[in-house]
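Have a look at upload.cif below; it lists mmCIF, C-alpha atoms and all ligand atoms.
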data_data
loop_
_atom_site.label_atom_id
_atom_site.label_comp_id
_atom_site.auth_asym_id
_atom_site.auth_seq_id
_atom_site.Cartn_x
_atom_site.Cartn_y
_atom_site.Cartn_z
CA MET A 1 2.03 14.49 7.53
CA ILE A 2 3.27 11.72 9.85
CA VAL A 3 6.77 12.04 11.27
CA LEU A 4 8.63 9.62 13.52
CA ASP A 5 11.77 11.02 15.10
CA LYS A 6 14.13 8.50 16.71
CA VAL A 7 11.30 6.43 18.11
CA ASP A 8 12.08 3.55 20.48
CA LYS A 9 9.94 0.93 22.12
CA VAL A 10 11.14 -1.40 24.82
CA PHE A 11 8.26 -3.44 26.19
CA PRO A 12 8.15 -3.90 29.95
CA GLY A 13 10.03 -6.99 31.08
CA THR A 14 12.15 -7.10 27.89
CA THR A 15 15.61 -5.74 27.16
CA ILE A 16 15.83 -5.88 23.38
CA PRO A 17 13.98 -2.93 21.81
CA ALA A 18 11.02 -3.95 19.63
CA VAL A 19 11.54 -0.66 17.79
CA ASN A 20 14.97 0.93 17.80
CA GLN A 21 15.68 4.56 16.84
CA VAL A 22 13.27 4.63 13.92
CA SER A 23 12.85 7.89 11.98
CA PHE A 24 10.88 8.48 8.79
CA GLN A 25 8.19 10.65 7.29
CA VAL A 26 4.98 9.82 5.45
CA ASP A 27 3.84 12.51 3.04
CA GLU A 28 0.22 13.55 2.73
CA GLY A 29 -1.78 11.40 0.32
CA ASN A 30 0.91 8.74 0.10
CA ILE A 31 0.88 5.04 0.87
CA CYS A 32 3.91 4.15 2.99
CA VAL A 33 4.43 0.40 3.26
CA PHE A 34 6.30 -1.22 6.14
CA VAL A 35 7.81 -4.54 5.27
CA GLY A 36 10.06 -6.98 7.10
CA PRO A 37 10.10 -10.39 8.79
CA SER A 38 7.78 -11.42 11.60
CA GLY A 39 8.59 -9.68 14.89
CA CYS A 40 10.58 -6.81 13.33
CA GLY A 41 8.29 -4.20 14.91
CA LYS A 42 5.82 -3.29 12.15
CA THR A 43 2.64 -3.61 14.21
CA THR A 44 4.31 -1.83 17.14
CA ILE A 45 5.04 1.17 14.91
CA LEU A 46 1.40 1.42 13.77
CA ARG A 47 0.19 1.09 17.35
CA MET A 48 2.51 3.87 18.48
CA ILE A 49 1.15 6.19 15.78
CA ASN A 50 -2.38 5.89 17.21
CA ARG A 51 -1.11 5.55 20.78
CA LEU A 52 -2.34 2.05 21.48
CA VAL A 53 1.30 1.61 22.48
CA GLU A 54 3.26 4.44 24.14
CA PRO A 55 6.81 4.95 22.78
CA SER A 56 9.70 4.59 25.24
CA GLY A 57 11.61 7.37 23.51
CA GLY A 58 11.49 9.74 20.55
CA ASP A 59 8.65 11.81 19.16
CA ILE A 60 5.74 11.23 16.81
CA TYR A 61 4.08 14.11 14.97
CA ILE A 62 0.88 14.14 12.95
CA LYS A 63 0.30 17.30 10.88
CA GLY A 64 3.01 19.01 12.93
CA LYS A 65 1.35 18.19 16.23
CA LYS A 66 3.21 16.03 18.70
CA VAL A 67 0.72 13.24 19.37
CA SER A 68 2.53 11.99 22.46
CA ASP A 69 1.76 15.32 24.18
CA LYS A 70 -0.12 15.00 27.44
CA GLY A 71 -2.78 17.36 26.05
CA VAL A 72 -3.70 14.96 23.23
CA ASN A 73 -6.59 12.66 24.07
CA PRO A 74 -5.75 9.19 22.68
CA ASP A 75 -9.42 8.31 22.11
CA GLU A 76 -10.00 11.43 20.04
CA LEU A 77 -6.77 10.85 18.17
CA ARG A 78 -7.84 7.32 17.28
CA ARG A 79 -11.16 8.47 15.86
CA GLU A 80 -9.24 10.56 13.33
CA ILE A 81 -7.22 7.54 12.28
CA GLY A 82 -8.76 4.52 10.59
CA TYR A 83 -7.18 1.28 11.76
CA VAL A 84 -7.42 -2.09 10.03
CA ILE A 85 -5.98 -4.52 12.57
CA GLN A 86 -3.91 -7.55 11.69
CA GLN A 87 -6.50 -10.19 12.57
CA ILE A 88 -9.37 -8.19 10.97
CA GLY A 89 -10.96 -7.92 14.43
CA LEU A 90 -14.63 -7.66 13.49
CA MET A 91 -16.91 -7.94 16.49
CA PRO A 92 -18.34 -11.45 16.17
CA HIS A 93 -21.72 -10.76 17.78
CA ARG A 94 -22.43 -7.68 15.71
CA THR A 95 -23.71 -7.61 12.14
CA VAL A 96 -21.65 -6.23 9.27
CA GLU A 97 -23.70 -3.03 9.41
CA GLN A 98 -23.06 -2.62 13.14
CA ASN A 99 -19.36 -3.31 12.70
CA VAL A 100 -18.93 -0.75 9.93
CA SER A 101 -20.96 1.94 11.71
CA LEU A 102 -19.02 1.65 14.98
CA VAL A 103 -16.93 4.83 14.76
CA PRO A 104 -19.63 7.11 13.27
CA TYR A 105 -21.85 5.80 16.07
CA LEU A 106 -19.21 6.65 18.70
CA LEU A 107 -18.86 10.07 17.08
CA LYS A 108 -22.63 10.45 17.53
CA TRP A 109 -23.42 10.95 13.87
CA PRO A 110 -27.18 11.24 13.30
CA GLU A 111 -28.83 7.90 12.42
CA ASP A 112 -29.98 9.16 9.03
CA LYS A 113 -26.36 9.86 8.06
CA ILE A 114 -24.94 6.56 9.27
CA LYS A 115 -27.08 4.15 7.24
CA PRO A 116 -26.31 5.67 3.82
CA ARG A 117 -22.63 5.89 4.77
CA VAL A 118 -22.51 2.15 5.56
CA LYS A 119 -24.25 1.32 2.31
CA TYR A 120 -21.89 3.56 0.35
CA LEU A 121 -18.79 2.05 1.97
CA LEU A 122 -19.85 -1.55 1.48
CA GLU A 123 -20.49 -0.84 -2.19
CA MET A 124 -17.14 0.93 -2.43
CA VAL A 125 -15.25 -2.15 -1.19
CA GLY A 126 -17.17 -4.34 -3.60
CA LEU A 127 -19.80 -5.88 -1.33
CA ASP A 128 -23.57 -5.96 -1.87
CA PRO A 129 -25.09 -4.10 1.11
CA GLU A 130 -28.41 -5.94 0.68
CA GLU A 131 -26.64 -9.24 0.90
CA VAL A 132 -24.16 -8.67 3.72
CA SER A 133 -25.45 -5.89 6.02
CA ARG A 134 -27.37 -8.21 8.31
CA LYS A 135 -24.85 -11.04 8.27
CA TYR A 136 -22.46 -11.84 11.10
CA PRO A 137 -18.71 -12.10 10.47
CA TYR A 138 -18.71 -15.92 10.72
CA GLN A 139 -21.09 -16.05 7.76
CA LEU A 140 -18.54 -14.33 5.49
CA SER A 141 -15.49 -15.58 3.60
CA GLY A 142 -12.01 -14.34 4.58
CA GLY A 143 -11.91 -11.93 1.66
CA MET A 144 -15.34 -10.51 2.51
CA MET A 145 -14.28 -10.01 6.13
CA GLN A 146 -11.20 -8.12 5.03
CA ARG A 147 -13.34 -5.86 2.87
CA VAL A 148 -15.63 -5.19 5.84
CA GLY A 149 -12.52 -4.41 7.92
CA VAL A 150 -11.40 -1.85 5.34
CA ALA A 151 -14.92 -0.34 5.12
CA ARG A 152 -15.03 -0.05 8.90
CA ALA A 153 -11.70 1.79 9.02
CA LEU A 154 -12.96 4.22 6.36
CA ALA A 155 -16.32 4.78 8.03
CA ALA A 156 -15.75 8.22 9.57
CA ASP A 157 -13.65 9.31 6.58
CA PRO A 158 -10.40 9.69 8.55
CA PRO A 159 -7.55 11.48 6.78
CA ILE A 160 -5.12 8.82 8.01
CA MET A 161 -5.36 5.04 7.71
CA LEU A 162 -3.23 2.46 9.45
CA MET A 163 -3.59 -0.91 7.75
CA ASP A 164 -1.92 -3.94 9.32
CA GLU A 165 -1.70 -6.75 6.75
CA PRO A 166 -5.20 -5.84 5.55
CA PHE A 167 -5.21 -8.46 2.80
CA GLY A 168 -3.18 -11.08 4.63
CA ALA A 169 -5.89 -13.67 5.16
CA VAL A 170 -6.81 -14.43 1.56
CA ASP A 171 -5.43 -16.43 -1.33
CA PRO A 172 -3.10 -14.70 -3.82
CA ILE A 173 -5.77 -14.22 -6.49
CA VAL A 174 -8.27 -12.54 -4.20
CA ARG A 175 -5.42 -10.57 -2.66
CA GLY A 176 -4.37 -9.26 -6.06
CA ARG A 177 -7.94 -8.16 -6.73
CA LEU A 178 -8.26 -6.44 -3.33
CA GLN A 179 -4.95 -4.63 -3.91
CA GLU A 180 -6.07 -3.31 -7.26
CA GLU A 181 -9.48 -2.25 -5.98
CA PHE A 182 -7.84 -0.49 -3.07
CA LEU A 183 -5.38 1.37 -5.30
CA ARG A 184 -8.31 2.48 -7.44
CA LEU A 185 -10.13 3.76 -4.33
CA GLN A 186 -7.01 5.51 -3.09
CA LYS A 187 -6.78 7.49 -6.33
CA GLU A 188 -10.03 9.19 -5.30
CA MET A 189 -9.59 9.15 -1.52
CA LYS A 190 -5.97 10.34 -1.33
CA LYS A 191 -5.65 9.23 2.28
CA THR A 192 -2.33 9.20 4.07
CA ILE A 193 -1.78 5.50 4.64
CA CYS A 194 0.63 3.38 6.68
CA PHE A 195 0.36 -0.14 5.32
CA VAL A 196 2.03 -3.18 6.86
CA THR A 197 2.87 -6.36 5.01
CA HIS A 198 5.54 -9.02 5.08
CA ASP A 199 5.14 -9.56 1.35
CA ILE A 200 7.70 -7.53 -0.61
CA ASN A 201 5.69 -7.87 -3.81
CA GLU A 202 2.69 -6.33 -2.11
CA ALA A 203 4.96 -3.54 -0.83
CA ILE A 204 6.27 -2.82 -4.33
CA LYS A 205 2.77 -2.80 -5.78
CA MET A 206 1.07 -0.72 -3.09
CA GLY A 207 3.78 1.64 -1.87
CA ASP A 208 4.62 5.18 -2.92
CA HIS A 209 7.29 4.75 -0.31
CA ILE A 210 8.66 1.61 1.36
CA VAL A 211 10.20 1.31 4.82
CA ILE A 212 12.17 -1.90 5.31
CA MET A 213 12.55 -3.10 8.90
CA ASN A 214 14.68 -5.79 10.50
CA GLU A 215 14.92 -6.57 14.21
CA GLY A 216 13.37 -3.28 15.25
CA LYS A 217 15.60 -1.16 13.04
CA LEU A 218 14.87 0.72 9.85
CA VAL A 219 17.20 -0.81 7.25
CA GLN A 220 16.24 1.23 4.20
CA HIS A 221 13.51 3.50 2.97
CA GLY A 222 12.74 4.86 -0.47
CA THR A 223 10.50 4.50 -3.49
CA PRO A 224 9.95 0.97 -4.80
CA MET A 225 12.26 1.87 -7.68
CA GLU A 226 15.03 2.99 -5.30
CA ILE A 227 14.70 -0.15 -3.20
CA LEU A 228 14.84 -2.40 -6.27
CA SER A 229 17.63 -0.57 -8.03
CA GLU A 230 19.83 0.17 -5.01
CA PRO A 231 19.23 -2.27 -2.16
CA ALA A 232 21.13 -0.95 0.88
CA ASP A 233 22.61 -4.28 1.95
CA GLY A 234 22.43 -8.08 1.69
CA PHE A 235 19.31 -8.24 3.83
CA VAL A 236 17.36 -5.98 1.48
CA LYS A 237 18.75 -7.77 -1.55
CA ASP A 238 17.54 -11.12 -0.20
CA LEU A 239 14.20 -9.61 0.71
CA VAL A 240 13.54 -8.19 -2.76
CA GLY A 241 14.59 -11.51 -4.26
CA THR A 242 16.64 -12.72 -7.14
CA ASP A 243 14.01 -11.58 -9.61
CA ARG A 244 14.39 -7.88 -8.98
CA GLU A 245 15.12 -7.28 -12.68
CA ILE A 246 11.70 -8.68 -13.52
CA LYS A 247 10.06 -6.63 -10.79
CA LEU A 248 11.77 -3.55 -12.14
CA LEU A 249 10.40 -4.27 -15.62
CA GLU A 250 6.93 -4.59 -14.12
CA LEU A 251 7.33 -1.43 -12.09
CA THR A 252 8.91 0.89 -14.63
CA LYS A 253 6.47 2.65 -16.90
CA SER A 254 7.37 2.73 -20.58
CA LYS A 255 7.22 6.54 -20.57
CA GLU A 256 10.15 6.55 -18.11
CA ILE A 257 12.56 5.05 -20.63
CA VAL A 258 10.97 6.01 -23.94
CA LYS A 259 13.23 7.65 -26.47
CA ARG A 260 11.15 10.61 -27.59
CA THR A 261 11.19 10.97 -31.36
CA ASP A 262 8.90 11.57 -34.36
CA ASP A 263 11.02 9.23 -36.38
CA ILE A 264 9.26 5.87 -35.92
CA PRO A 265 10.95 3.11 -38.00
CA SER A 266 8.79 1.65 -40.75
CA GLU A 267 9.15 -1.81 -39.16
CA VAL A 268 7.11 -0.62 -36.17
CA TRP A 269 4.27 0.50 -38.46
CA GLU A 270 4.45 -2.65 -40.59
CA LYS A 271 4.27 -4.99 -37.60
CA ASP A 272 1.93 -2.70 -35.68
CA SER A 273 4.13 -3.13 -32.62
CA PHE A 274 2.88 -0.34 -30.37
CA ILE A 275 2.48 -0.12 -26.62
CA LEU A 276 1.09 2.63 -24.38
CA ALA A 277 3.21 5.09 -22.41
CA ILE A 278 1.57 3.88 -19.18
CA ASP A 279 2.31 0.20 -19.92
CA PRO A 280 5.09 -1.38 -17.88
CA VAL A 281 8.38 -1.95 -19.70
CA GLN A 282 7.53 -5.64 -19.36
CA ARG A 283 4.89 -5.03 -22.09
CA ALA A 284 7.55 -3.66 -24.44
CA LEU A 285 9.52 -6.85 -23.97
CA GLU A 286 6.49 -9.09 -24.51
CA THR A 287 5.56 -7.17 -27.65
CA MET A 288 9.08 -7.54 -29.03
CA MET A 289 8.91 -11.29 -28.53
CA LYS A 290 5.42 -11.61 -29.96
CA LYS A 291 6.16 -9.53 -33.05
CA ASP A 292 9.70 -10.86 -33.45
CA THR A 293 11.28 -7.43 -33.45
CA ASN A 294 13.70 -5.41 -31.32
CA ILE A 295 11.91 -2.10 -31.32
CA VAL A 296 8.42 -0.96 -30.35
CA GLY A 297 6.59 2.32 -30.74
CA VAL A 298 5.13 4.11 -27.73
CA ARG A 299 1.85 6.02 -27.75
CA ASP A 300 0.13 8.20 -25.20
CA GLU A 301 -3.63 8.87 -25.32
CA THR A 302 -3.44 11.03 -28.42
CA GLU A 303 -0.28 10.43 -30.39
CA THR A 304 2.90 8.46 -31.01
CA ILE A 305 5.63 9.77 -28.72
CA GLY A 306 8.71 7.63 -29.43
CA THR A 307 10.32 4.21 -29.31
CA ILE A 308 11.82 1.65 -26.92
CA SER A 309 14.47 -0.68 -28.28
CA TRP A 310 15.88 -3.94 -26.94
CA ASN A 311 19.02 -1.96 -26.06
CA ASP A 312 17.05 0.49 -23.94
CA ILE A 313 15.65 -2.41 -21.93
CA LYS A 314 19.08 -3.95 -21.57
CA LYS A 315 20.41 -0.65 -20.23
CA LEU A 316 17.66 -0.54 -17.61
CA ILE A 317 18.49 -4.07 -16.46
CA ASN A 318 22.24 -3.45 -16.48
CA LYS A 319 21.71 -0.45 -14.25
CA ILE A 320 20.74 -2.76 -11.41
CA SER A 321 22.56 -6.00 -12.28
CA GLY A 322 25.93 -4.32 -12.45
CA ASP A 323 26.28 -4.44 -8.67
CA GLN A 324 25.49 -8.13 -8.18
N1 LIG B 401 2.77 -6.21 24.34
C1 LIG B 401 3.98 -6.73 24.15
N2 LIG B 401 4.77 -7.09 25.20
C2 LIG B 401 6.01 -7.58 25.00
N3 LIG B 401 6.57 -7.74 23.78
C3 LIG B 401 5.85 -7.40 22.71
C4 LIG B 401 4.52 -6.87 22.83
N4 LIG B 401 4.04 -6.63 21.59
C5 LIG B 401 5.04 -6.97 20.74
N5 LIG B 401 6.10 -7.43 21.39
C6 LIG B 401 7.37 -7.88 20.80
O1 LIG B 401 7.87 -6.83 20.00
C7 LIG B 401 8.45 -7.33 18.80
C8 LIG B 401 7.81 -6.70 17.60
O2 LIG B 401 6.46 -7.15 17.51
P1 LIG B 401 5.45 -6.67 16.37
O3 LIG B 401 4.12 -7.22 16.70
O4 LIG B 401 5.58 -5.22 16.23
O5 LIG B 401 6.07 -7.41 15.11
P2 LIG B 401 5.54 -7.47 13.59
O6 LIG B 401 6.65 -6.93 12.75
O7 LIG B 401 4.21 -6.82 13.48
O8 LIG B 401 5.45 -9.05 13.34
P3 LIG B 401 4.36 -9.91 12.47
O9 LIG B 401 4.80 -9.81 11.05
O10 LIG B 401 4.52 -11.29 12.99
O11 LIG B 401 3.00 -9.35 12.71
C9 LIG B 401 8.31 -8.84 18.87
O12 LIG B 401 9.51 -9.38 19.37
C10 LIG B 401 7.19 -9.05 19.87
O13 LIG B 401 7.37 -10.26 20.57
MG MG B 402 2.32 -7.53 13.07
#
Rewrite the coordinates I just gave you, this time as structure tokens.
Ligand SMILES: Nc1ncnc2c1ncn2[C@@H]1O[C@H](COP(=O)(O)OP(=O)(O)OP(=O)(O)O)[C@@H](O)[C@H]1O
Ligand SMILES: [Mg+2]
Amino acid sequence: MIVLDKVDKVFPGTTIPAVNQVSFQVDEGNICVFVGPSGCGKTTILRMINRLVEPSGGDIYIKGKKVSDKGVNPDELRREIGYVIQQIGLMPHRTVEQNVSLVPYLLKWPEDKIKPRVKYLLEMVGLDPEEVSRKYPYQLSGGMMQRVGVARALAADPPIMLMDEPFGAVDPIVRGRLQEEFLRLQKEMKKTICFVTHDINEAIKMGDHIVIMNEGKLVQHGTPMEILSEPADGFVKDLVGTDREIKLLELTKSKEIVKRTDDIPSEVWEKDSFILAIDPVQRALETMMKKDTNIVGVRDETETIGTISWNDIKKLINKISGDQ
């Protein structure tokens, strides 16, 4: 869906590339998260995708079309791509309603289509349209502003979203809630999303795919599981942290390591120690501790499908700790 092929960016007056030979692909309907320290080139990559910044070298394709082609009109391109900018960037002298309706307005949607769209979007991001539509950005909390920023980027229903630290300006609790709400929305929307953060935990939670950057270069890309279980080098290892075993337990679904069997030990029935197939392996561990046992049963929506033992969990952890 989005392809970068050996993309470079050297800003005028500088010698060190802000982005250096970066290649990757974002599949349709996926969230690709870019993570890395400040100044590593994350924002520059997003801005090259919608041509707010022109690459110095390499090619960028969207749906097979080279977007850096002379024939492509950058303004039209940008209207097809929702963009949540790093500093939220709401227009301070416009109301929430005017901010959210900006792109549909530019696209000359009829008035009677715009108003219901704004109402729908505000509700979708968890705001009360009655309460906030006529307010100005300064009258909102940081979390509310970020929701408005997301609603604005979604306004014209673009197939692609670029989101630059969209939940950066709020405390961890609100951030967690926004992340979950957004993932729930994404299940229905299935947008192709490039999402920037410098928080590896956010990357692991939000990403179908993670691209790790350092000093303009792509250091590693892969699924959260691949990044956690096989960090490419010391930089990635430090970035994912010393608690990657715990993250792996949170990330791995029980159904991925369940031993499928009809033969559920009587102890599991007696102690009623069951978890769901969609629960993280972490839940299996918690249940073992709570019920003072070393085996749990696993159920899907309709039936019992197998067991997870303490040994199965140990194997999962050993898989990644072996190389430390
Ligand atoms: N317009 C510009 N002119 C010159 N240098 C720039 C320009 N924009 C960005 N840079 C430089 O390019 C590098 C990458 O910047 P970028 O904004 O992409 O980083 P980032 O990964 O988004 O960082 P942060 O996490 O702090 O937002 C930095 O060294 C920055 O100083
Ligand atoms: Mg940035």
Check which residues of chain A sit at most 12 Å from ligand LIG 401 (chain B) using all atoms listed in the file, and return one row each with the closest pair of atoms and their distance in Å to one decimal, ordered by chain and rising number, as a Markdown table.
| residue | atom | partner | partner_atom | distance |
| --- | --- | --- | --- | --- |
| A:Asp8 | CA | B:LIG401 | O1 | 11.2 |
| A:Lys9 | CA | B:LIG401 | O1 | 8.3 |
| A:Val10 | CA | B:LIG401 | N3 | 7.9 |
| A:Phe11 | CA | B:LIG401 | C2 | 4.9 |
| A:Pro12 | CA | B:LIG401 | C2 | 6.5 |
| A:Gly13 | CA | B:LIG401 | C2 | 7.3 |
| A:Thr14 | CA | B:LIG401 | C2 | 6.8 |
| A:Thr15 | CA | B:LIG401 | N3 | 9.9 |
| A:Ile16 | CA | B:LIG401 | O12 | 8.3 |
| A:Pro17 | CA | B:LIG401 | O1 | 7.5 |
| A:Ala18 | CA | B:LIG401 | O1 | 4.3 |
| A:Val19 | CA | B:LIG401 | C8 | 7.1 |
| A:Asn20 | CA | B:LIG401 | C8 | 10.5 |
| A:Phe34 | CA | B:LIG401 | O6 | 8.7 |
| A:Val35 | CA | B:LIG401 | O6 | 7.9 |
| A:Gly36 | CA | B:LIG401 | O6 | 6.6 |
| A:Pro37 | CA | B:LIG401 | O9 | 5.8 |
| A:Ser38 | CA | B:LIG401 | O9 | 3.4 |
| A:Gly39 | CA | B:LIG401 | O5 | 3.4 |
| A:Cys40 | CA | B:LIG401 | O6 | 4.0 |
| A:Gly41 | CA | B:LIG401 | O4 | 3.2 |
| A:Lys42 | CA | B:LIG401 | O6 | 3.8 |
| A:Thr43 | CA | B:LIG401 | O7 | 3.6 |
| A:Thr44 | CA | B:LIG401 | O4 | 3.7 |
| A:Ile45 | CA | B:LIG401 | O4 | 6.5 |
| A:Leu46 | CA | B:LIG401 | O4 | 8.2 |
| A:Arg47 | CA | B:LIG401 | O4 | 8.4 |
| A:Met48 | CA | B:LIG401 | O4 | 9.9 |
| A:Leu52 | CA | B:LIG401 | N1 | 10.1 |
| A:Val53 | CA | B:LIG401 | N1 | 8.2 |
| A:Glu54 | CA | B:LIG401 | N1 | 10.7 |
| A:Pro55 | CA | B:LIG401 | N4 | 12.0 |
| A:Ile85 | CA | B:LIG401 | O11 | 10.2 |
| A:Gln86 | CA | B:LIG401 | O11 | 7.2 |
| A:Gln87 | CA | B:LIG401 | O11 | 9.5 |
| A:Met163 | CA | B:LIG401 | O7 | 11.3 |
| A:Asp164 | CA | B:LIG401 | O7 | 7.9 |
| A:Glu165 | CA | B:LIG401 | O11 | 8.0 |
| A:Pro166 | CA | B:LIG401 | O11 | 11.4 |
| A:Gly168 | CA | B:LIG401 | O11 | 10.3 |
| A:Phe195 | CA | B:LIG401 | O7 | 11.2 |
| A:Val196 | CA | B:LIG401 | O7 | 7.9 |
| A:Thr197 | CA | B:LIG401 | O9 | 7.2 |
| A:His198 | CA | B:LIG401 | O9 | 6.1 |
| A:Asp199 | CA | B:LIG401 | O9 | 9.7 |
| A:Val211 | CA | B:LIG401 | O6 | 12.0 |
| A:Ile212 | CA | B:LIG401 | O6 | 10.5 |
| A:Met213 | CA | B:LIG401 | O6 | 8.0 |
| A:Asn214 | CA | B:LIG401 | O6 | 8.4 |
| A:Glu215 | CA | B:LIG401 | C8 | 7.9 |
| A:Gly216 | CA | B:LIG401 | C8 | 6.9 |
| A:Lys217 | CA | B:LIG401 | C8 | 10.6 |
| A:Leu218 | CA | B:LIG401 | O6 | 11.6 |
Written file, previous selection with C-alpha atoms, as a PDB file, in the frame of the given file:
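Everything below was put into out-v3.pdb:
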ATOM      1  CA  ASP A   8      12.080   3.550  20.480  1.00  0.00           C
ATOM      2  CA  LYS A   9       9.940   0.930  22.120  1.00  0.00           C
ATOM      3  CA  VAL A  10      11.140  -1.400  24.820  1.00  0.00           C
ATOM      4  CA  PHE A  11       8.260  -3.440  26.190  1.00  0.00           C
ATOM      5  CA  PRO A  12       8.150  -3.900  29.950  1.00  0.00           C
ATOM      6  CA  GLY A  13      10.030  -6.990  31.080  1.00  0.00           C
ATOM      7  CA  THR A  14      12.150  -7.100  27.890  1.00  0.00           C
ATOM      8  CA  THR A  15      15.610  -5.740  27.160  1.00  0.00           C
ATOM      9  CA  ILE A  16      15.830  -5.880  23.380  1.00  0.00           C
ATOM     10  CA  PRO A  17      13.980  -2.930  21.810  1.00  0.00           C
ATOM     11  CA  ALA A  18      11.020  -3.950  19.630  1.00  0.00           C
ATOM     12  CA  VAL A  19      11.540  -0.660  17.790  1.00  0.00           C
ATOM     13  CA  ASN A  20      14.970   0.930  17.800  1.00  0.00           C
ATOM     14  CA  PHE A  34       6.300  -1.220   6.140  1.00  0.00           C
ATOM     15  CA  VAL A  35       7.810  -4.540   5.270  1.00  0.00           C
ATOM     16  CA  GLY A  36      10.060  -6.980   7.100  1.00  0.00           C
ATOM     17  CA  PRO A  37      10.100 -10.390   8.790  1.00  0.00           C
ATOM     18  CA  SER A  38       7.780 -11.420  11.600  1.00  0.00           C
ATOM     19  CA  GLY A  39       8.590  -9.680  14.890  1.00  0.00           C
ATOM     20  CA  CYS A  40      10.580  -6.810  13.330  1.00  0.00           C
ATOM     21  CA  GLY A  41       8.290  -4.200  14.910  1.00  0.00           C
ATOM     22  CA  LYS A  42       5.820  -3.290  12.150  1.00  0.00           C
ATOM     23  CA  THR A  43       2.640  -3.610  14.210  1.00  0.00           C
ATOM     24  CA  THR A  44       4.310  -1.830  17.140  1.00  0.00           C
ATOM     25  CA  ILE A  45       5.040   1.170  14.910  1.00  0.00           C
ATOM     26  CA  LEU A  46       1.400   1.420  13.770  1.00  0.00           C
ATOM     27  CA  ARG A  47       0.190   1.090  17.350  1.00  0.00           C
ATOM     28  CA  MET A  48       2.510   3.870  18.480  1.00  0.00           C
ATOM     29  CA  LEU A  52      -2.340   2.050  21.480  1.00  0.00           C
ATOM     30  CA  VAL A  53       1.300   1.610  22.480  1.00  0.00           C
ATOM     31  CA  GLU A  54       3.260   4.440  24.140  1.00  0.00           C
ATOM     32  CA  PRO A  55       6.810   4.950  22.780  1.00  0.00           C
ATOM     33  CA  ILE A  85      -5.980  -4.520  12.570  1.00  0.00           C
ATOM     34  CA  GLN A  86      -3.910  -7.550  11.690  1.00  0.00           C
ATOM     35  CA  GLN A  87      -6.500 -10.190  12.570  1.00  0.00           C
ATOM     36  CA  MET A 163      -3.590  -0.910   7.750  1.00  0.00           C
ATOM     37  CA  ASP A 164      -1.920  -3.940   9.320  1.00  0.00           C
ATOM     38  CA  GLU A 165      -1.700  -6.750   6.750  1.00  0.00           C
ATOM     39  CA  PRO A 166      -5.200  -5.840   5.550  1.00  0.00           C
ATOM     40  CA  GLY A 168      -3.180 -11.080   4.630  1.00  0.00           C
ATOM     41  CA  PHE A 195       0.360  -0.140   5.320  1.00  0.00           C
ATOM     42  CA  VAL A 196       2.030  -3.180   6.860  1.00  0.00           C
ATOM     43  CA  THR A 197       2.870  -6.360   5.010  1.00  0.00           C
ATOM     44  CA  HIS A 198       5.540  -9.020   5.080  1.00  0.00           C
ATOM     45  CA  ASP A 199       5.140  -9.560   1.350  1.00  0.00           C
ATOM     46  CA  VAL A 211      10.200   1.310   4.820  1.00  0.00           C
ATOM     47  CA  ILE A 212      12.170  -1.900   5.310  1.00  0.00           C
ATOM     48  CA  MET A 213      12.550  -3.100   8.900  1.00  0.00           C
ATOM     49  CA  ASN A 214      14.680  -5.790  10.500  1.00  0.00           C
ATOM     50  CA  GLU A 215      14.920  -6.570  14.210  1.00  0.00           C
ATOM     51  CA  GLY A 216      13.370  -3.280  15.250  1.00  0.00           C
ATOM     52  CA  LYS A 217      15.600  -1.160  13.040  1.00  0.00           C
ATOM     53  CA  LEU A 218      14.870   0.720   9.850  1.00  0.00           C
TER      54      LEU A 218
END
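With distances taken over only C-alpha atoms and all ligand atoms, A:Leu162 is the one residue among A:Gln220, A:Leu162, A:Lys191, A:Leu107 lying closest to ligand MG 402 (chain B).
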Padding of 6 Å on every side, edges along x, y and z, all listed atoms of range 261-272 of chain A included: what centre and edge lengths in Å, to one decimal, does that box have, as lines of an AutoDock Vina configuration file?
center_x = 6.6
center_y = 3.3
center_z = -36.1
size_x = 21.3
size_y = 28.6
size_z = 21.4
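Closest approach to Thr192 in chain A among A:Leu4, A:Ala232, A:Leu106, A:Ile62: A:Ile62, based on all atoms listed in the file.
Between ligand MG 402 (chain B) and the candidates A:Glu245, A:Asp27, A:Val84, A:Glu181, the tightest atom-to-atom separation, counting only C-alpha atoms and all ligand atoms, involves A:Val84.
Going from CA of Asn99 in chain A to CA of Lys187 in chain A covers 25.2 Å.
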9 Å contact set for Leu154 in chain A, all atoms listed in the file, chain neighbours under 2 positions out, as a PyMOL selection string: chain A and resi 81-83+100+121+149-152+156-158+161
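CA of Phe24 in chain A sits 20.1 Å away from CA of Glu202 in chain A.
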